[in-house]
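Undergrad: Contents of my_file_36.pdb (PDB, C-alpha atoms) are below:
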MODEL        1
ATOM      1  CA  MET A  84     -10.218 178.908 135.964
ATOM      2  CA  ALA A  85     -10.636 181.004 139.078
ATOM      3  CA  ALA A  86      -7.854 181.251 141.623
ATOM      4  CA  VAL A  87      -8.629 179.825 145.046
ATOM      5  CA  LYS A  88      -7.490 182.507 147.476
ATOM      6  CA  PRO A  89      -5.683 181.603 149.548
ATOM      7  CA  PRO A  90      -4.820 178.157 148.179
ATOM      8  CA  ARG A  91      -6.076 175.508 150.597
ATOM      9  CA  PRO A  92      -4.790 171.999 151.230
ATOM     10  CA  ALA A  93      -6.404 169.513 148.861
ATOM     11  CA  PRO A  94      -8.239 166.834 150.847
ATOM     12  CA  ASP A  95      -6.376 163.577 150.415
ATOM     13  CA  PHE A  96      -8.232 160.533 149.146
ATOM     14  CA  SER A  97      -7.731 157.075 147.758
ATOM     15  CA  LEU A  98     -10.009 155.783 145.013
ATOM     16  CA  PRO A  99      -9.809 152.757 142.725
ATOM     17  CA  ASP A 100      -9.441 153.204 138.990
ATOM     18  CA  THR A 101     -11.465 151.211 136.465
ATOM     19  CA  ASP A 102      -9.104 148.262 136.927
ATOM     20  CA  GLY A 103      -9.470 148.366 140.698
ATOM     21  CA  LYS A 104      -5.987 149.821 141.279
ATOM     22  CA  PRO A 105      -6.032 152.369 144.117
ATOM     23  CA  HIS A 106      -4.803 155.908 143.512
ATOM     24  CA  LYS A 107      -3.947 158.163 146.419
ATOM     25  CA  LEU A 108      -3.843 161.871 145.704
ATOM     26  CA  SER A 109      -0.876 162.466 147.978
ATOM     27  CA  ASP A 110       1.161 159.979 145.920
ATOM     28  CA  TYR A 111       1.137 162.625 143.182
ATOM     29  CA  ARG A 112       2.739 165.267 145.420
ATOM     30  CA  GLY A 113       5.379 167.110 143.378
ATOM     31  CA  LYS A 114       3.130 167.122 140.309
ATOM     32  CA  VAL A 115       0.438 169.536 139.245
ATOM     33  CA  VAL A 116      -2.820 167.571 139.317
ATOM     34  CA  LEU A 117      -5.882 168.344 137.227
ATOM     35  CA  LEU A 118      -8.657 166.785 139.309
ATOM     36  CA  ASN A 119     -11.843 166.497 137.282
ATOM     37  CA  PHE A 120     -15.272 165.412 138.551
ATOM     38  CA  TRP A 121     -17.528 164.044 135.846
ATOM     39  CA  ALA A 122     -20.123 161.468 134.757
ATOM     40  CA  THR A 123     -20.955 159.872 131.439
ATOM     41  CA  TRP A 124     -24.510 161.286 131.411
ATOM     42  CA  CYS A 125     -23.216 164.870 131.687
ATOM     43  CA  PRO A 126     -22.899 166.468 128.201
ATOM     44  CA  PRO A 127     -20.217 169.069 129.017
ATOM     45  CA  CYS A 128     -18.217 166.375 130.820
ATOM     46  CA  ARG A 129     -18.289 164.267 127.682
ATOM     47  CA  HIS A 130     -17.344 167.234 125.569
ATOM     48  CA  GLU A 131     -14.285 168.277 127.558
ATOM     49  CA  MET A 132     -12.760 164.858 128.107
ATOM     50  CA  PRO A 133     -10.921 164.592 124.733
ATOM     51  CA  SER A 134      -9.239 167.927 125.421
ATOM     52  CA  MET A 135      -8.059 166.606 128.786
ATOM     53  CA  GLN A 136      -6.505 163.636 127.013
ATOM     54  CA  VAL A 137      -4.718 165.890 124.506
ATOM     55  CA  LEU A 138      -3.382 168.001 127.369
ATOM     56  CA  SER A 139      -2.314 164.890 129.278
ATOM     57  CA  GLN A 140      -0.412 163.560 126.260
ATOM     58  CA  GLU A 141       1.269 166.871 125.512
ATOM     59  CA  LEU A 142       2.500 167.145 129.101
ATOM     60  CA  LYS A 143       3.286 163.465 129.639
ATOM     61  CA  ASP A 144       6.974 164.164 130.302
ATOM     62  CA  LYS A 145       6.218 167.040 132.667
ATOM     63  CA  PRO A 146       5.235 167.004 136.363
ATOM     64  CA  PHE A 147       1.550 166.902 135.497
ATOM     65  CA  GLN A 148      -1.222 164.376 136.106
ATOM     66  CA  VAL A 149      -4.885 164.203 135.175
ATOM     67  CA  LEU A 150      -7.214 162.345 137.544
ATOM     68  CA  ALA A 151     -10.842 162.074 136.441
ATOM     69  CA  CYS A 152     -13.298 161.054 139.171
ATOM     70  CA  ASP A 153     -16.445 159.474 137.786
ATOM     71  CA  GLN A 154     -19.504 160.034 139.970
ATOM     72  CA  GLN A 155     -21.704 157.138 141.067
ATOM     73  CA  GLU A 156     -21.477 154.954 137.974
ATOM     74  CA  ASP A 157     -20.230 151.441 137.382
ATOM     75  CA  GLY A 158     -17.223 150.331 135.388
ATOM     76  CA  ASP A 159     -19.268 149.020 132.472
ATOM     77  CA  THR A 160     -20.952 152.388 132.011
ATOM     78  CA  VAL A 161     -17.625 154.194 132.067
ATOM     79  CA  PHE A 162     -15.948 151.710 129.696
ATOM     80  CA  SER A 163     -18.777 151.913 127.197
ATOM     81  CA  PHE A 164     -18.292 155.674 127.059
ATOM     82  CA  THR A 165     -14.501 155.958 127.081
ATOM     83  CA  GLY A 166     -14.226 153.261 124.431
ATOM     84  CA  LEU A 167     -16.003 155.586 122.024
ATOM     85  CA  LEU A 168     -13.651 158.500 122.608
ATOM     86  CA  ASN A 169     -10.946 159.485 120.173
ATOM     87  CA  PRO A 170      -8.428 159.880 121.652
ATOM     88  CA  GLU A 171      -9.303 157.353 124.343
ATOM     89  CA  PRO A 172      -8.274 158.525 127.824
ATOM     90  CA  THR A 173      -5.027 157.069 129.118
ATOM     91  CA  PHE A 174      -5.103 158.947 132.426
ATOM     92  CA  PRO A 175      -6.629 157.219 135.465
ATOM     93  CA  ILE A 176     -10.397 157.302 135.702
ATOM     94  CA  LEU A 177     -11.272 156.921 139.360
ATOM     95  CA  MET A 178     -14.539 155.495 140.627
ATOM     96  CA  ASP A 179     -16.039 157.855 143.198
ATOM     97  CA  SER A 180     -18.954 155.481 143.636
ATOM     98  CA  LYS A 181     -20.469 157.236 146.666
ATOM     99  CA  SER A 182     -19.475 160.775 145.613
ATOM    100  CA  SER A 183     -17.577 160.943 148.882
ATOM    101  CA  VAL A 184     -14.594 162.716 147.334
ATOM    102  CA  SER A 185     -16.723 165.198 145.414
ATOM    103  CA  LYS A 186     -18.469 166.048 148.689
ATOM    104  CA  GLU A 187     -15.092 166.616 150.350
ATOM    105  CA  TYR A 188     -14.238 169.059 147.593
ATOM    106  CA  GLY A 189     -17.626 170.785 147.700
ATOM    107  CA  VAL A 190     -18.358 170.080 144.063
ATOM    108  CA  PRO A 191     -21.582 171.935 143.219
ATOM    109  CA  GLY A 192     -22.278 170.326 139.851
ATOM    110  CA  LEU A 193     -20.675 168.397 137.033
ATOM    111  CA  PRO A 194     -18.210 168.928 135.576
ATOM    112  CA  THR A 195     -16.045 170.724 138.096
ATOM    113  CA  SER A 196     -12.264 170.746 137.884
ATOM    114  CA  PHE A 197      -9.505 171.721 140.275
ATOM    115  CA  LEU A 198      -5.846 172.440 139.689
ATOM    116  CA  ILE A 199      -3.758 171.224 142.606
ATOM    117  CA  ASP A 200      -0.242 172.624 142.847
ATOM    118  CA  LYS A 201       2.916 170.635 143.461
ATOM    119  CA  LYS A 202       2.659 171.220 147.202
ATOM    120  CA  GLY A 203      -0.801 169.678 147.348
ATOM    121  CA  ASN A 204      -2.854 172.875 147.555
ATOM    122  CA  VAL A 205      -6.009 173.604 145.592
ATOM    123  CA  ALA A 206      -4.935 176.569 143.482
ATOM    124  CA  TYR A 207      -7.708 176.959 140.873
ATOM    125  CA  ARG A 208     -11.285 175.836 140.366
ATOM    126  CA  ALA A 209     -13.518 175.742 137.299
ATOM    127  CA  VAL A 210     -17.243 175.059 137.474
ATOM    128  CA  GLY A 211     -18.601 173.901 134.113
ATOM    129  CA  GLY A 212     -16.883 172.460 131.067
ATOM    130  CA  ARG A 213     -13.631 173.897 129.754
ATOM    131  CA  ASP A 214     -11.406 173.546 126.712
ATOM    132  CA  PHE A 215      -8.235 172.154 128.230
ATOM    133  CA  GLU A 216      -6.374 172.651 124.950
ATOM    134  CA  HIS A 217      -6.838 176.412 125.182
ATOM    135  CA  PRO A 218      -3.502 178.271 125.360
ATOM    136  CA  ALA A 219      -4.596 180.119 128.509
ATOM    137  CA  MET A 220      -5.239 176.818 130.272
ATOM    138  CA  ARG A 221      -1.894 175.483 129.143
ATOM    139  CA  ALA A 222      -0.167 178.655 130.372
ATOM    140  CA  LEU A 223      -1.845 178.360 133.760
ATOM    141  CA  ILE A 224      -0.658 174.789 134.186
ATOM    142  CA  GLU A 225       2.837 175.666 132.970
ATOM    143  CA  SER A 226       3.007 178.439 135.574
ATOM    144  CA  LEU A 227       2.060 176.010 138.334
ATOM    145  CA  MET A 228       4.612 173.471 137.143
ATOM    146  CA  ALA A 229       7.301 176.159 137.141
ATOM    147  CA  ALA A 230       6.441 177.430 140.629
TER     148      ALA A 230
ATOM    149  CA  MET B   3     -50.711 188.895 133.551
ATOM    150  CA  LYS B   4     -49.889 192.130 135.332
ATOM    151  CA  PRO B   5     -47.730 194.710 133.599
ATOM    152  CA  PHE B   6     -44.022 194.195 134.160
ATOM    153  CA  ILE B   7     -43.680 197.248 136.422
ATOM    154  CA  LEU B   8     -46.344 195.951 138.797
ATOM    155  CA  ARG B   9     -44.766 192.561 138.985
ATOM    156  CA  THR B  10     -41.354 194.008 139.750
ATOM    157  CA  LEU B  11     -42.451 196.844 142.027
ATOM    158  CA  PRO B  12     -41.844 194.971 145.300
ATOM    159  CA  PHE B  13     -38.235 194.446 144.282
ATOM    160  CA  LEU B  14     -37.692 198.035 143.145
ATOM    161  CA  LEU B  15     -37.869 199.126 146.758
ATOM    162  CA  ALA B  16     -35.054 196.920 147.993
ATOM    163  CA  THR B  17     -33.100 195.675 145.043
ATOM    164  CA  SER B  18     -31.962 196.474 141.569
ATOM    165  CA  VAL B  19     -33.994 195.152 138.683
ATOM    166  CA  ALA B  20     -32.371 194.085 135.470
ATOM    167  CA  LEU B  21     -34.771 194.688 132.607
ATOM    168  CA  ALA B  22     -33.919 191.494 130.849
ATOM    169  CA  GLY B  23     -35.378 190.461 127.556
ATOM    170  CA  THR B  24     -36.351 186.928 126.771
ATOM    171  CA  ILE B  25     -35.308 185.105 123.633
ATOM    172  CA  LYS B  26     -37.512 182.162 122.758
ATOM    173  CA  SER B  27     -36.721 179.511 120.218
ATOM    174  CA  THR B  28     -38.486 176.314 119.244
ATOM    175  CA  ASN B  29     -37.020 173.129 117.862
ATOM    176  CA  PRO B  30     -38.990 172.497 114.654
ATOM    177  CA  ALA B  31     -38.169 168.796 114.816
ATOM    178  CA  ASN B  32     -40.130 168.194 117.998
ATOM    179  CA  GLY B  33     -41.871 171.465 118.857
ATOM    180  CA  LEU B  34     -40.105 171.839 122.204
ATOM    181  CA  SER B  35     -39.137 175.364 123.221
ATOM    182  CA  ASN B  36     -36.382 177.010 125.150
ATOM    183  CA  TRP B  37     -36.059 180.456 126.674
ATOM    184  CA  GLN B  38     -32.864 182.411 127.137
ATOM    185  CA  SER B  39     -32.241 185.585 129.104
ATOM    186  CA  ASP B  40     -30.930 188.401 126.956
ATOM    187  CA  ASP B  41     -28.177 190.757 128.033
ATOM    188  CA  THR B  42     -27.904 189.960 131.738
ATOM    189  CA  PRO B  43     -24.577 189.165 133.445
ATOM    190  CA  PHE B  44     -26.194 186.095 134.982
ATOM    191  CA  SER B  45     -27.399 184.157 131.979
ATOM    192  CA  LEU B  46     -30.225 181.660 132.356
ATOM    193  CA  GLN B  47     -31.552 179.307 129.714
ATOM    194  CA  LEU B  48     -34.452 176.929 130.298
ATOM    195  CA  LEU B  49     -35.279 174.063 127.943
ATOM    196  CA  GLN B  50     -38.573 172.199 128.093
ATOM    197  CA  LEU B  51     -38.163 168.679 129.378
ATOM    198  CA  MET B  52     -40.777 166.067 128.539
ATOM    199  CA  PRO B  53     -42.090 163.847 131.335
ATOM    200  CA  ASP B  54     -40.837 160.820 129.409
ATOM    201  CA  ASN B  55     -37.339 162.305 129.414
ATOM    202  CA  VAL B  56     -37.570 162.658 133.180
ATOM    203  CA  ARG B  57     -38.786 159.079 133.519
ATOM    204  CA  ALA B  58     -35.890 157.855 131.362
ATOM    205  CA  VAL B  59     -33.259 159.736 133.348
ATOM    206  CA  TYR B  60     -34.349 158.544 136.779
ATOM    207  CA  THR B  61     -35.381 155.035 135.785
ATOM    208  CA  ASN B  62     -31.884 154.658 134.376
ATOM    209  CA  LYS B  63     -30.557 155.702 137.791
ATOM    210  CA  HIS B  64     -32.641 152.967 139.450
ATOM    211  CA  PHE B  65     -35.007 155.326 141.285
ATOM    212  CA  PRO B  66     -38.126 153.645 142.740
ATOM    213  CA  PRO B  67     -40.972 153.752 140.173
ATOM    214  CA  ALA B  68     -43.234 155.792 142.461
ATOM    215  CA  LEU B  69     -40.527 158.421 142.881
ATOM    216  CA  VAL B  70     -39.909 158.485 139.138
ATOM    217  CA  GLU B  71     -43.603 159.168 138.568
ATOM    218  CA  GLU B  72     -43.635 161.869 141.224
ATOM    219  CA  MET B  73     -40.742 163.604 139.501
ATOM    220  CA  ALA B  74     -42.280 163.183 136.045
ATOM    221  CA  GLY B  75     -45.331 164.995 137.394
ATOM    222  CA  TYR B  76     -43.267 168.117 137.977
ATOM    223  CA  CYS B  77     -42.754 170.884 135.459
ATOM    224  CA  MET B  78     -39.085 170.370 134.627
ATOM    225  CA  PHE B  79     -36.605 172.223 132.504
ATOM    226  CA  GLY B  80     -33.038 171.609 131.548
ATOM    227  CA  SER B  81     -31.266 174.742 132.729
ATOM    228  CA  VAL B  82     -27.989 176.331 131.751
ATOM    229  CA  ILE B  83     -26.544 179.105 133.914
ATOM    230  CA  ARG B  84     -23.525 181.235 133.083
ATOM    231  CA  ASN B  85     -21.607 183.985 134.795
ATOM    232  CA  LEU B  86     -20.952 186.419 131.962
ATOM    233  CA  ALA B  87     -19.606 189.106 134.307
ATOM    234  CA  ASP B  88     -15.994 189.660 135.235
ATOM    235  CA  GLU B  89     -16.713 189.173 138.933
ATOM    236  CA  PRO B  90     -18.377 186.530 141.133
ATOM    237  CA  ILE B  91     -22.136 186.046 140.939
ATOM    238  CA  SER B  92     -24.213 184.143 143.488
ATOM    239  CA  TYR B  93     -27.709 182.761 143.188
ATOM    240  CA  ASP B  94     -30.190 180.828 145.309
ATOM    241  CA  VAL B  95     -32.946 178.931 143.514
ATOM    242  CA  ALA B  96     -35.061 179.164 146.689
ATOM    243  CA  ASP B  97     -35.474 182.887 145.938
ATOM    244  CA  TRP B  98     -36.832 182.321 142.428
ATOM    245  CA  ARG B  99     -40.581 182.257 141.704
ATOM    246  CA  ALA B 100     -42.754 181.021 138.861
ATOM    247  CA  ILE B 101     -45.625 183.497 138.456
ATOM    248  CA  THR B 102     -48.721 181.986 136.904
ATOM    249  CA  ALA B 103     -51.567 183.886 135.223
ATOM    250  CA  ASP B 104     -53.475 184.066 138.528
ATOM    251  CA  SER B 105     -50.483 185.989 140.009
ATOM    252  CA  VAL B 106     -49.639 183.131 142.371
ATOM    253  CA  ARG B 107     -45.894 182.885 142.990
ATOM    254  CA  HIS B 108     -44.685 179.279 143.011
ATOM    255  CA  ALA B 109     -41.348 178.379 144.600
ATOM    256  CA  PRO B 110     -39.265 175.849 142.697
ATOM    257  CA  ARG B 111     -38.384 172.645 144.465
ATOM    258  CA  THR B 112     -34.651 172.947 145.014
ATOM    259  CA  LYS B 113     -31.907 170.371 144.778
ATOM    260  CA  THR B 114     -31.544 170.523 148.565
ATOM    261  CA  GLU B 115     -35.207 169.584 148.948
ATOM    262  CA  TRP B 116     -34.998 166.821 146.336
ATOM    263  CA  LEU B 117     -31.937 165.317 147.997
ATOM    264  CA  GLN B 118     -33.827 165.074 151.277
ATOM    265  CA  ILE B 119     -36.715 163.324 149.516
ATOM    266  CA  TRP B 120     -34.418 161.007 147.596
ATOM    267  CA  GLN B 121     -32.502 160.032 150.714
ATOM    268  CA  SER B 122     -35.730 159.387 152.628
ATOM    269  CA  ARG B 123     -36.710 156.951 149.844
ATOM    270  CA  GLY B 124     -33.365 155.180 149.941
ATOM    271  CA  VAL B 125     -31.875 156.810 146.852
ATOM    272  CA  ASP B 126     -28.174 157.595 147.098
ATOM    273  CA  PHE B 127     -27.750 159.885 144.087
ATOM    274  CA  GLY B 128     -26.674 163.477 144.323
ATOM    275  CA  TRP B 129     -26.723 164.884 140.812
ATOM    276  CA  SER B 130     -28.903 166.090 137.934
ATOM    277  CA  ILE B 131     -30.825 168.938 139.656
ATOM    278  CA  LEU B 132     -29.435 172.471 139.271
ATOM    279  CA  PRO B 133     -27.312 173.267 142.348
ATOM    280  CA  ALA B 134     -29.577 175.072 144.798
ATOM    281  CA  ALA B 135     -27.195 177.891 145.591
ATOM    282  CA  GLN B 136     -23.648 178.655 144.614
ATOM    283  CA  THR B 137     -21.177 181.335 143.679
ATOM    284  CA  LEU B 138     -19.992 181.281 140.099
ATOM    285  CA  GLU B 139     -16.650 182.888 139.359
ATOM    286  CA  ALA B 140     -16.123 184.708 136.082
ATOM    287  CA  GLY B 141     -16.413 182.204 133.253
ATOM    288  CA  ASP B 142     -18.068 179.516 135.374
ATOM    289  CA  TRP B 143     -21.242 177.884 134.146
ATOM    290  CA  GLY B 144     -23.400 174.928 134.973
ATOM    291  CA  GLN B 145     -26.314 172.751 134.042
ATOM    292  CA  GLY B 146     -29.085 170.914 135.850
ATOM    293  CA  PHE B 147     -32.823 170.508 136.050
ATOM    294  CA  THR B 148     -35.100 173.226 137.374
ATOM    295  CA  THR B 149     -38.272 171.771 138.890
ATOM    296  CA  ILE B 150     -41.566 173.466 139.733
ATOM    297  CA  LYS B 151     -44.747 171.820 140.970
ATOM    298  CA  LEU B 152     -47.029 172.934 138.146
ATOM    299  CA  PRO B 153     -49.173 170.897 135.744
ATOM    300  CA  HIS B 154     -47.748 170.063 132.336
ATOM    301  CA  GLY B 155     -48.457 172.782 129.808
ATOM    302  CA  THR B 156     -48.784 175.560 132.432
ATOM    303  CA  ARG B 157     -47.722 179.028 131.269
ATOM    304  CA  PHE B 158     -45.813 181.300 133.638
ATOM    305  CA  ASP B 159     -43.149 183.970 133.990
ATOM    306  CA  LEU B 160     -40.022 183.228 136.006
ATOM    307  CA  ASP B 161     -38.738 185.838 138.431
ATOM    308  CA  TYR B 162     -35.135 184.880 139.042
ATOM    309  CA  SER B 163     -32.435 186.674 140.955
ATOM    310  CA  TRP B 164     -28.741 186.780 141.630
ATOM    311  CA  ARG B 165     -26.284 188.726 143.763
ATOM    312  CA  GLN B 166     -23.418 190.684 142.313
ATOM    313  CA  HIS B 167     -21.089 193.178 144.058
ATOM    314  CA  GLY B 168     -23.315 193.211 147.123
ATOM    315  CA  LYS B 169     -26.598 193.908 145.336
ATOM    316  CA  THR B 170     -29.499 191.655 144.482
ATOM    317  CA  PHE B 171     -30.749 191.779 140.910
ATOM    318  CA  HIS B 172     -34.034 190.442 139.614
ATOM    319  CA  ALA B 173     -35.049 189.652 136.067
ATOM    320  CA  ILE B 174     -38.056 188.037 134.460
ATOM    321  CA  LEU B 175     -38.045 185.290 131.869
ATOM    322  CA  GLU B 176     -41.397 185.846 130.225
ATOM    323  CA  GLY B 177     -43.822 183.505 128.539
ATOM    324  CA  LEU B 178     -42.431 180.182 129.707
ATOM    325  CA  GLN B 179     -44.466 177.023 129.418
ATOM    326  CA  CYS B 180     -44.052 173.658 131.065
ATOM    327  CA  ALA B 181     -43.593 170.886 128.542
ATOM    328  CA  PRO B 182     -46.776 169.048 127.592
ATOM    329  CA  GLU B 183     -47.298 165.386 128.437
ATOM    330  CA  GLN B 184     -46.883 164.488 124.767
ATOM    331  CA  LEU B 185     -44.576 165.931 122.107
ATOM    332  CA  PRO B 186     -46.132 168.970 120.364
ATOM    333  CA  VAL B 187     -44.768 167.747 117.040
ATOM    334  CA  THR B 188     -44.470 164.104 116.059
ATOM    335  CA  PRO B 189     -41.003 163.576 114.622
ATOM    336  CA  ASN B 190     -41.025 162.535 110.973
ATOM    337  CA  LYS B 191     -40.357 158.883 110.456
ATOM    338  CA  PRO B 192     -38.075 157.847 107.590
TER     339      PRO B 192
ENDMDL
END
Would you encode the structure as structure tokens?
TA:
Amino acid sequence: MAAVKPPRPAPDFSLPDTDGKPHKLSDYRGKVVLLNFWATWCPPCRHEMPSMQVLSQELKDKPFQVLACDQQEDGDTVFSFTGLLNPEPTFPILMDSKSSVSKEYGVPGLPTSFLIDKKGNVAYRAVGGRDFEHPAMRALIESLMAA
Amino acid sequence: MKPFILRTLPFLLATSVALAGTIKSTNPANGLSNWQSDDTPFSLQLLQLMPDNVRAVYTNKHFPPALVEEMAGYCMFGSVIRNLADEPISYDVADWRAITADSVRHAPRTKTEWLQIWQSRGVDFGWSILPAAQTLEAGDWGQGFTTIKLPHGTRFDLDYSWRQHGKTFHAILEGLQCAPEQLPVTPNKP
């Protein structure tokens, strides 16, 4: 991932998850947040999602949170995809039904991911799919959690 | 088509030209081809996209039928871009040109232009087309459709460009062809 220099405040938002429960980004202040923008029709998004789940599970007792913002799809479409995944995602999948949050973040294409530090600043950005199980990715997140 | 040096001469005066090779491969199962730049820091791969694939994608997104047909009439490719350099690379699809055998240079229709058309037809969807312009950091990559208003089956070369450490580079993907209306090879049925 590329460092965002200087880190800039992450735009706050509130989006419902697939159960309709709202999630506000600022409620996760104090945690490192991996904010991922994706859609089920996007092959690299589909490919990277299991690695996000592995990462999320490995860091479940740490100040770390994955938030995956689906773009302009309905709940049935998302469920029919996530139900096929192994492991199935346990992190919140948020419904950015109008792509309003992705526009706020200037997302050029899918997938795009951001690492938001514990103070709520966008610290890193990755355009295109990534392997979130890669040791370098893990080290980057560990460094943000330790900061 | 004109020799490579003649086609690139206008750019030699103002920019650097990367003498990229083109690697072509064809899927034997369906006869569809893809072209990949060889040995350039900004990697570009274009994959033929059948009109029926285009219809399926946008019908599934509830586009109006007339708009679906308009899009299916375009020469469309799945595109994969990668920054293989260790520094930022920028591109702008509006600067790219498809050069047909009659030496006419055709501008692609960019995502920005498509979004304006989609919105004017009441479509609120912002994805699928290759981002029109962006800066890719080292290791970044992306996907999306590249669209050019050319008839199905048209052959052309693509002059594409990018900016890196303050310079503009051009390269040519040679021998591209828009997908035909029908599959070149009928898949074997079991």
Undergrad: So which residues are close to (3.8, 176.9, 130.8), meaning at most 12 Å away in the file's coordinates with only C-alpha atoms counted, and can you show them as a list in words?
TA: Val115, Leu138, Glu141, Leu142, Lys145, Pro146, Phe147, Pro218, Ala219, Met220, Arg221, Ala222, Leu223, Ile224, Glu225, Ser226, Leu227, Met228, Ala229 and Ala230 of chain A
Undergrad: Exactly which residues make up the result of the ChimeraX specification (/A :<7) & /B on this file, given as number ranges by chain?
TA: B: 133, 139, 142-144
Undergrad: For a quick check of understanding, using only C-alpha atoms, which of A:Ala151, A:Gly203, A:Gly189, A:Glu131 has the smallest distance to Pro170 in chain A?
TA: A:Glu131
Undergrad: Please determine, counting all atoms listed in the file, which residue among A:Asp200, A:Cys152, A:Ser134, A:Tyr188 has the shortest atom-to-atom distance to Asn169 in chain A.
TA: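 Once distances to Asn169 in chain A are computed over all atoms listed in the file, the minimum belongs to A:Ser134.
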Undergrad: Evaluate the PyMOL selection byres ((chain B and resi 173-177) around 8) on the structure here and hand back the selected residues as a ChimeraX atom specification.
TA: /B:19-24,37-39,157-163,171-172,178-179
Undergrad: Choose the residue, out of A:Glu171, A:Glu216, A:Asp95, A:Asp110, that has the smallest atom-to-atom separation from Arg129 in chain A; count only C-alpha atoms.
TA: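 Of A:Glu171, A:Glu216, A:Asp95, A:Asp110, the one nearest Arg129 in chain A is A:Glu171, counting only C-alpha atoms.
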Undergrad: Grab the CA of Asp88 in chain B to CA of His130 in chain A distance for me, in Å with one decimal place.
TA: 24.5 Å
Undergrad: Fewer than 6 positions away in the same chain doesn't count, so skip those; otherwise give me all residues within 9 Å of Gly158 in chain A, counting only C-alpha atoms, as a list in words.
TA: Thr101, Asp102 and Met178 of chain A
Undergrad: List the residues matched by the PyMOL selection byres ((chain A and resi 93) around 10) in the displayed structure as a list in words, ordered by chain and then by residue number.
TA: Pro90, Arg91, Pro92, Pro94, Asp95, Phe96, Leu108, Ser109, Glu187, Tyr188, Phe197, Leu198, Ile199, Asp200, Lys202, Gly203, Asn204, Val205 and Ala206 of chain A
Undergrad: Using C-alpha atoms, can you write the selected residues to a file as a PDB file, in the coordinates of the input?
TA:
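And here is the file that came out, part37.pdb:
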ATOM      1  CA  PRO A  90      -4.820 178.157 148.179  1.00  0.00           C
ATOM      2  CA  ARG A  91      -6.076 175.508 150.597  1.00  0.00           C
ATOM      3  CA  PRO A  92      -4.790 171.999 151.230  1.00  0.00           C
ATOM      4  CA  PRO A  94      -8.239 166.834 150.847  1.00  0.00           C
ATOM      5  CA  ASP A  95      -6.376 163.577 150.415  1.00  0.00           C
ATOM      6  CA  PHE A  96      -8.232 160.533 149.146  1.00  0.00           C
ATOM      7  CA  LEU A 108      -3.843 161.871 145.704  1.00  0.00           C
ATOM      8  CA  SER A 109      -0.876 162.466 147.978  1.00  0.00           C
ATOM      9  CA  GLU A 187     -15.092 166.616 150.350  1.00  0.00           C
ATOM     10  CA  TYR A 188     -14.238 169.059 147.593  1.00  0.00           C
ATOM     11  CA  PHE A 197      -9.505 171.721 140.275  1.00  0.00           C
ATOM     12  CA  LEU A 198      -5.846 172.440 139.689  1.00  0.00           C
ATOM     13  CA  ILE A 199      -3.758 171.224 142.606  1.00  0.00           C
ATOM     14  CA  ASP A 200      -0.242 172.624 142.847  1.00  0.00           C
ATOM     15  CA  LYS A 202       2.659 171.220 147.202  1.00  0.00           C
ATOM     16  CA  GLY A 203      -0.801 169.678 147.348  1.00  0.00           C
ATOM     17  CA  ASN A 204      -2.854 172.875 147.555  1.00  0.00           C
ATOM     18  CA  VAL A 205      -6.009 173.604 145.592  1.00  0.00           C
ATOM     19  CA  ALA A 206      -4.935 176.569 143.482  1.00  0.00           C
TER      20      ALA A 206
END
Undergrad: Hey, could you patch up range 102-112 of chain B with N, CA and C atoms and hand it over as a PDB file, keeping the file's coordinate frame?
TA:
ATOM      1  N   THR B 102     -47.707 182.453 137.841  1.00  0.00           N
ATOM      2  CA  THR B 102     -48.721 181.986 136.904  1.00  0.00           C
ATOM      3  C   THR B 102     -49.732 183.097 136.613  1.00  0.00           C
ATOM      4  N   ALA B 103     -50.630 182.853 135.687  1.00  0.00           N
ATOM      5  CA  ALA B 103     -51.567 183.886 135.223  1.00  0.00           C
ATOM      6  C   ALA B 103     -52.456 184.406 136.346  1.00  0.00           C
ATOM      7  N   ASP B 104     -52.657 183.621 137.394  1.00  0.00           N
ATOM      8  CA  ASP B 104     -53.475 184.066 138.528  1.00  0.00           C
ATOM      9  C   ASP B 104     -52.643 184.832 139.562  1.00  0.00           C
ATOM     10  N   SER B 105     -51.418 185.209 139.179  1.00  0.00           N
ATOM     11  CA  SER B 105     -50.483 185.989 140.009  1.00  0.00           C
ATOM     12  C   SER B 105     -49.942 185.229 141.209  1.00  0.00           C
ATOM     13  N   VAL B 106     -50.212 183.938 141.288  1.00  0.00           N
ATOM     14  CA  VAL B 106     -49.639 183.131 142.371  1.00  0.00           C
ATOM     15  C   VAL B 106     -48.153 182.909 142.079  1.00  0.00           C
ATOM     16  N   ARG B 107     -47.339 183.046 143.119  1.00  0.00           N
ATOM     17  CA  ARG B 107     -45.894 182.885 142.990  1.00  0.00           C
ATOM     18  C   ARG B 107     -45.512 181.505 143.530  1.00  0.00           C
ATOM     19  N   HIS B 108     -44.995 180.666 142.659  1.00  0.00           N
ATOM     20  CA  HIS B 108     -44.685 179.279 143.011  1.00  0.00           C
ATOM     21  C   HIS B 108     -43.177 179.127 143.192  1.00  0.00           C
ATOM     22  N   ALA B 109     -42.771 178.623 144.353  1.00  0.00           N
ATOM     23  CA  ALA B 109     -41.348 178.379 144.600  1.00  0.00           C
ATOM     24  C   ALA B 109     -40.911 177.096 143.906  1.00  0.00           C
ATOM     25  N   PRO B 110     -39.778 177.108 143.249  1.00  0.00           N
ATOM     26  CA  PRO B 110     -39.265 175.849 142.697  1.00  0.00           C
ATOM     27  C   PRO B 110     -38.922 174.884 143.821  1.00  0.00           C
ATOM     28  N   ARG B 111     -38.928 173.612 143.500  1.00  0.00           N
ATOM     29  CA  ARG B 111     -38.384 172.645 144.465  1.00  0.00           C
ATOM     30  C   ARG B 111     -36.888 172.557 144.189  1.00  0.00           C
ATOM     31  N   THR B 112     -36.094 172.835 145.211  1.00  0.00           N
ATOM     32  CA  THR B 112     -34.651 172.947 145.014  1.00  0.00           C
ATOM     33  C   THR B 112     -33.955 171.588 145.098  1.00  0.00           C
TER      34      THR B 112
END
